[in-house]
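Novice: Supplied structure: run-v6.cif, mmCIF, N, CA and C atoms.
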data_my_file
#
loop_
_atom_site.group_PDB
_atom_site.id
_atom_site.type_symbol
_atom_site.label_atom_id
_atom_site.label_comp_id
_atom_site.auth_asym_id
_atom_site.auth_seq_id
_atom_site.Cartn_x
_atom_site.Cartn_y
_atom_site.Cartn_z
ATOM 1 N N MET A 26 -11.369 4.999 43.081
ATOM 2 C CA MET A 26 -11.338 6.026 42.062
ATOM 3 C C MET A 26 -12.499 6.977 42.339
ATOM 4 N N PRO A 27 -12.243 8.285 42.364
ATOM 5 C CA PRO A 27 -13.304 9.235 42.662
ATOM 6 C C PRO A 27 -14.365 9.288 41.565
ATOM 7 N N THR A 28 -15.548 9.659 41.966
ATOM 8 C CA THR A 28 -16.642 9.887 41.033
ATOM 9 C C THR A 28 -16.842 11.387 40.920
ATOM 10 N N LEU A 29 -16.931 11.880 39.701
ATOM 11 C CA LEU A 29 -17.159 13.299 39.460
ATOM 12 C C LEU A 29 -18.530 13.472 38.827
ATOM 13 N N GLN A 30 -19.160 14.591 39.124
ATOM 14 C CA GLN A 30 -20.461 14.881 38.538
ATOM 15 C C GLN A 30 -20.407 16.264 37.920
ATOM 16 N N PHE A 31 -20.943 16.396 36.717
ATOM 17 C CA PHE A 31 -21.000 17.699 36.074
ATOM 18 C C PHE A 31 -22.222 17.745 35.179
ATOM 19 N N TYR A 32 -22.556 18.935 34.726
ATOM 20 C CA TYR A 32 -23.765 19.140 33.947
ATOM 21 C C TYR A 32 -23.426 19.689 32.569
ATOM 22 N N VAL A 33 -24.122 19.184 31.563
ATOM 23 C CA VAL A 33 -23.987 19.669 30.194
ATOM 24 C C VAL A 33 -25.390 19.773 29.602
ATOM 25 N N PRO A 34 -25.561 20.561 28.544
ATOM 26 C CA PRO A 34 -26.865 20.641 27.890
ATOM 27 C C PRO A 34 -27.271 19.269 27.325
ATOM 28 N N ASP A 35 -28.554 19.074 27.154
ATOM 29 C CA ASP A 35 -29.075 17.791 26.673
ATOM 30 C C ASP A 35 -28.455 17.363 25.345
ATOM 31 N N ASP A 36 -28.284 18.314 24.412
ATOM 32 C CA ASP A 36 -27.737 17.933 23.115
ATOM 33 C C ASP A 36 -26.283 17.468 23.228
ATOM 34 N N VAL A 37 -25.527 18.060 24.152
ATOM 35 C CA VAL A 37 -24.146 17.637 24.368
ATOM 36 C C VAL A 37 -24.124 16.239 24.978
ATOM 37 N N ALA A 38 -24.997 16.001 25.943
ATOM 38 C CA ALA A 38 -25.076 14.682 26.567
ATOM 39 C C ALA A 38 -25.433 13.615 25.528
ATOM 40 N N ASP A 39 -26.367 13.930 24.656
ATOM 41 C CA ASP A 39 -26.754 12.985 23.601
ATOM 42 C C ASP A 39 -25.581 12.678 22.677
ATOM 43 N N ALA A 40 -24.835 13.721 22.308
ATOM 44 C CA ALA A 40 -23.681 13.532 21.419
ATOM 45 C C ALA A 40 -22.602 12.694 22.104
ATOM 46 N N LEU A 41 -22.368 12.941 23.385
ATOM 47 C CA LEU A 41 -21.373 12.162 24.127
ATOM 48 C C LEU A 41 -21.780 10.697 24.228
ATOM 49 N N ARG A 42 -23.046 10.460 24.525
ATOM 50 C CA ARG A 42 -23.525 9.070 24.604
ATOM 51 C C ARG A 42 -23.363 8.360 23.259
ATOM 52 N N ALA A 43 -23.686 9.069 22.181
ATOM 53 C CA ALA A 43 -23.563 8.475 20.844
ATOM 54 C C ALA A 43 -22.106 8.136 20.529
ATOM 55 N N ARG A 44 -21.186 9.028 20.853
ATOM 56 C CA ARG A 44 -19.764 8.778 20.592
ATOM 57 C C ARG A 44 -19.262 7.591 21.411
ATOM 58 N N ALA A 45 -19.667 7.523 22.668
ATOM 59 C CA ALA A 45 -19.252 6.401 23.511
ATOM 60 C C ALA A 45 -19.792 5.088 22.943
ATOM 61 N N GLU A 46 -21.035 5.109 22.498
ATOM 62 C CA GLU A 46 -21.642 3.912 21.920
ATOM 63 C C GLU A 46 -20.914 3.494 20.642
ATOM 64 N N GLU A 47 -20.555 4.466 19.805
ATOM 65 C CA GLU A 47 -19.802 4.165 18.571
ATOM 66 C C GLU A 47 -18.484 3.466 18.887
ATOM 67 N N ARG A 48 -17.858 3.877 19.974
ATOM 68 C CA ARG A 48 -16.576 3.282 20.369
ATOM 69 C C ARG A 48 -16.754 2.001 21.167
ATOM 70 N N GLY A 49 -17.979 1.721 21.577
ATOM 71 C CA GLY A 49 -18.252 0.504 22.322
ATOM 72 C C GLY A 49 -17.752 0.542 23.754
ATOM 73 N N VAL A 50 -17.770 1.736 24.354
ATOM 74 C CA VAL A 50 -17.311 1.877 25.740
ATOM 75 C C VAL A 50 -18.391 2.562 26.563
ATOM 76 N N PRO A 51 -18.376 2.346 27.860
ATOM 77 C CA PRO A 51 -19.328 3.058 28.724
ATOM 78 C C PRO A 51 -19.082 4.570 28.665
ATOM 79 N N LEU A 52 -20.120 5.336 28.859
ATOM 80 C CA LEU A 52 -20.014 6.791 28.820
ATOM 81 C C LEU A 52 -18.966 7.284 29.808
ATOM 82 N N SER A 53 -18.943 6.741 31.014
ATOM 83 C CA SER A 53 -17.976 7.201 32.018
ATOM 84 C C SER A 53 -16.538 6.962 31.558
ATOM 85 N N SER A 54 -16.284 5.850 30.902
ATOM 86 C CA SER A 54 -14.934 5.572 30.385
ATOM 87 C C SER A 54 -14.576 6.546 29.280
ATOM 88 N N PHE A 55 -15.523 6.810 28.400
ATOM 89 C CA PHE A 55 -15.292 7.743 27.304
ATOM 90 C C PHE A 55 -14.967 9.136 27.846
ATOM 91 N N LEU A 56 -15.747 9.600 28.818
ATOM 92 C CA LEU A 56 -15.503 10.918 29.405
ATOM 93 C C LEU A 56 -14.155 10.954 30.118
ATOM 94 N N GLY A 57 -13.823 9.881 30.834
ATOM 95 C CA GLY A 57 -12.530 9.821 31.510
ATOM 96 C C GLY A 57 -11.382 9.915 30.522
ATOM 97 N N GLU A 58 -11.522 9.247 29.376
ATOM 98 C CA GLU A 58 -10.496 9.287 28.333
ATOM 99 C C GLU A 58 -10.317 10.709 27.802
ATOM 100 N N ILE A 59 -11.424 11.402 27.591
ATOM 101 C CA ILE A 59 -11.357 12.791 27.108
ATOM 102 C C ILE A 59 -10.620 13.664 28.118
ATOM 103 N N VAL A 60 -10.950 13.516 29.385
ATOM 104 C CA VAL A 60 -10.319 14.335 30.422
ATOM 105 C C VAL A 60 -8.825 14.044 30.506
ATOM 106 N N VAL A 61 -8.451 12.782 30.495
ATOM 107 C CA VAL A 61 -7.035 12.419 30.581
ATOM 108 C C VAL A 61 -6.271 12.990 29.395
ATOM 109 N N ARG A 62 -6.837 12.866 28.202
ATOM 110 C CA ARG A 62 -6.177 13.427 27.016
ATOM 111 C C ARG A 62 -6.003 14.934 27.140
ATOM 112 N N HIS A 63 -7.027 15.600 27.655
ATOM 113 C CA HIS A 63 -6.980 17.048 27.792
ATOM 114 C C HIS A 63 -5.913 17.480 28.800
ATOM 115 N N LEU A 64 -5.746 16.715 29.848
ATOM 116 C CA LEU A 64 -4.810 17.084 30.897
ATOM 117 C C LEU A 64 -3.376 16.662 30.613
ATOM 118 N N ARG A 65 -3.179 15.812 29.637
ATOM 119 C CA ARG A 65 -1.835 15.348 29.314
ATOM 120 C C ARG A 65 -0.985 16.549 28.910
ATOM 121 N N ARG A 66 0.167 16.669 29.510
ATOM 122 C CA ARG A 66 1.012 17.843 29.276
ATOM 123 C C ARG A 66 1.959 17.669 28.107
ATOM 124 N N ASP A 67 2.350 16.464 27.813
ATOM 125 C CA ASP A 67 3.325 16.227 26.757
ATOM 126 C C ASP A 67 2.672 15.549 25.573
ATOM 127 N N TRP A 68 3.184 15.877 24.382
ATOM 128 C CA TRP A 68 2.739 15.168 23.189
ATOM 129 C C TRP A 68 3.293 13.764 23.237
ATOM 130 N N PRO A 69 2.549 12.763 22.779
ATOM 131 C CA PRO A 69 3.102 11.405 22.708
ATOM 132 C C PRO A 69 4.350 11.400 21.828
ATOM 133 N N GLU A 70 5.381 10.700 22.270
ATOM 134 C CA GLU A 70 6.650 10.685 21.561
ATOM 135 C C GLU A 70 6.489 10.258 20.099
ATOM 136 N N ALA A 71 5.654 9.257 19.848
ATOM 137 C CA ALA A 71 5.456 8.782 18.475
ATOM 138 C C ALA A 71 4.869 9.889 17.601
ATOM 139 N N TRP A 72 3.978 10.693 18.157
ATOM 140 C CA TRP A 72 3.384 11.787 17.383
ATOM 141 C C TRP A 72 4.449 12.814 17.024
ATOM 142 N N VAL A 73 5.302 13.146 17.995
ATOM 143 C CA VAL A 73 6.360 14.127 17.752
ATOM 144 C C VAL A 73 7.299 13.621 16.656
ATOM 145 N N ASP A 74 7.684 12.342 16.744
ATOM 146 C CA ASP A 74 8.577 11.769 15.737
ATOM 147 C C ASP A 74 7.938 11.808 14.348
ATOM 148 N N THR A 75 6.664 11.464 14.264
ATOM 149 C CA THR A 75 5.956 11.462 12.980
ATOM 150 C C THR A 75 5.852 12.880 12.412
ATOM 151 N N ALA A 76 5.497 13.837 13.252
ATOM 152 C CA ALA A 76 5.372 15.218 12.797
ATOM 153 C C ALA A 76 6.724 15.771 12.353
ATOM 154 N N ALA A 77 7.772 15.466 13.087
ATOM 155 C CA ALA A 77 9.104 15.956 12.720
ATOM 156 C C ALA A 77 9.541 15.366 11.388
ATOM 157 N N ALA A 78 9.289 14.086 11.167
ATOM 158 C CA ALA A 78 9.661 13.446 9.909
ATOM 159 C C ALA A 78 8.887 14.063 8.748
ATOM 160 N N ALA A 79 7.598 14.324 8.942
ATOM 161 C CA ALA A 79 6.787 14.925 7.883
ATOM 162 C C ALA A 79 7.290 16.328 7.581
ATOM 163 N N TRP A 80 7.664 17.084 8.594
ATOM 164 C CA TRP A 80 8.164 18.435 8.390
ATOM 165 C C TRP A 80 9.458 18.409 7.590
ATOM 166 N N ASP A 81 10.346 17.455 7.920
ATOM 167 C CA ASP A 81 11.619 17.337 7.206
ATOM 168 C C ASP A 81 11.415 17.030 5.728
ATOM 169 N N GLU A 82 10.332 16.317 5.396
ATOM 170 C CA GLU A 82 10.075 15.913 4.017
ATOM 171 C C GLU A 82 9.262 16.945 3.235
ATOM 172 N N TRP A 83 8.682 17.932 3.919
ATOM 173 C CA TRP A 83 7.820 18.904 3.260
ATOM 174 C C TRP A 83 8.623 19.793 2.326
ATOM 175 N N ARG A 84 8.085 20.024 1.160
ATOM 176 C CA ARG A 84 8.680 20.942 0.187
ATOM 177 C C ARG A 84 7.573 21.853 -0.329
ATOM 178 N N PRO A 85 7.875 23.141 -0.550
ATOM 179 C CA PRO A 85 6.838 24.036 -1.084
ATOM 180 C C PRO A 85 6.448 23.612 -2.493
ATOM 181 N N PRO A 86 5.210 23.877 -2.890
ATOM 182 C CA PRO A 86 4.784 23.524 -4.247
ATOM 183 C C PRO A 86 5.567 24.321 -5.273
ATOM 184 N N GLU A 87 5.781 23.696 -6.411
ATOM 185 C CA GLU A 87 6.488 24.390 -7.490
ATOM 186 C C GLU A 87 5.518 25.303 -8.232
ATOM 187 N N GLY A 88 5.978 26.432 -8.661
ATOM 188 C CA GLY A 88 5.152 27.384 -9.387
ATOM 189 C C GLY A 88 5.976 28.592 -9.738
ATOM 190 N N PRO A 89 5.362 29.587 -10.316
ATOM 191 C CA PRO A 89 6.092 30.798 -10.684
ATOM 192 C C PRO A 89 6.716 31.438 -9.440
ATOM 193 N N ALA A 90 7.969 31.843 -9.564
ATOM 194 C CA ALA A 90 8.690 32.423 -8.438
ATOM 195 C C ALA A 90 8.079 33.750 -7.997
ATOM 196 N N ASP A 91 7.483 34.515 -8.937
ATOM 197 C CA ASP A 91 6.936 35.825 -8.587
ATOM 198 C C ASP A 91 5.480 35.744 -8.110
ATOM 199 N N GLY A 92 4.896 34.549 -8.157
ATOM 200 C CA GLY A 92 3.509 34.380 -7.719
ATOM 201 C C GLY A 92 2.495 34.838 -8.744
ATOM 202 N N GLY A 93 2.935 35.285 -9.913
ATOM 203 C CA GLY A 93 2.003 35.769 -10.932
ATOM 204 C C GLY A 93 1.494 34.629 -11.796
ATOM 205 N N ASP A 94 0.637 34.973 -12.740
ATOM 206 C CA ASP A 94 0.079 33.978 -13.669
ATOM 207 C C ASP A 94 1.112 33.578 -14.697
ATOM 208 N N GLU A 95 1.014 32.334 -15.111
ATOM 209 C CA GLU A 95 1.881 31.867 -16.208
ATOM 210 C C GLU A 95 1.147 32.115 -17.510
ATOM 211 N N GLY A 96 1.612 32.951 -18.317
ATOM 212 C CA GLY A 96 0.965 33.052 -19.604
ATOM 213 C C GLY A 96 0.526 34.345 -19.989
#
In C-alpha cells, what does this structure look like?
Specialist:
Amino acid sequence: MPTLQFYVPDDVADALRARAEERGVPLSSFLGEIVVRHLRRDWPEAWVDTAAAAWDEWRPPEGPADGGDEG
C-alpha cells in the first residue's frame, strides 16, 4: 500500500489527531477513511433508500394558505 505525505497547518493536524483519537484509530487510518469517503462516486444504497423513504413521507406544514397571519 503506498504511503502519501502532505502538509496541513498545525491547528488542522491537531484537530485530525484529536478526531482519530476519539474514534480510537491511528491517524493514518482516519485520514485514509476520509480520503476514501471523499473519492467514493456513488451514494451508499442504504442512504439512498432511507432518503427516498423520508422524501415520500414528507408533508408541508399546515398553516394559512395565503401565508398571512391568523387573526
Novice: Kindly give the distance, in Å, that separates CA of Val60 in chain A and atom N of Ala79 in chain A, rounded to a single decimal.
Specialist: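 Going from CA of Val60 in chain A over to atom N of Ala79 in chain A covers 28.0 Å.
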Novice: Can you work out the spacing between atom C of Gly57 in chain A and CA of Ala71 in chain A in Å, to one decimal?
Specialist: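 Distance reported for this atom pair: 20.7 Å.
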Novice: Rounded to one decimal in Å, what is the spacing between atom N of Leu64 in chain A and CA of Val33 in chain A?
Specialist: 18.5 Å
Novice: Set the distance at 10 Å and use only C-alpha atoms: which residues neighbour Phe55 in chain A once local chain neighbours fewer than 2 positions away are removed? I'd like the list as JSON, numbers by chain.
Specialist: {"A": [41, 42, 44, 45, 46, 48, 49, 50, 51, 52, 53, 57, 58, 59, 60]}
Novice: Would you compute the box with edges along x, y and z of the file around range 37-53 of chain A, including every atom the file lists for it and 4 Å extra on each side, and give its centre and edge lengths in Å to one decimal, as AutoDock Vina command-line options?
Specialist:
--center_x -21.6 --center_y 9.3 --center_z 25.3 --size_x 18.2 --size_y 25.6 --size_z 21.4
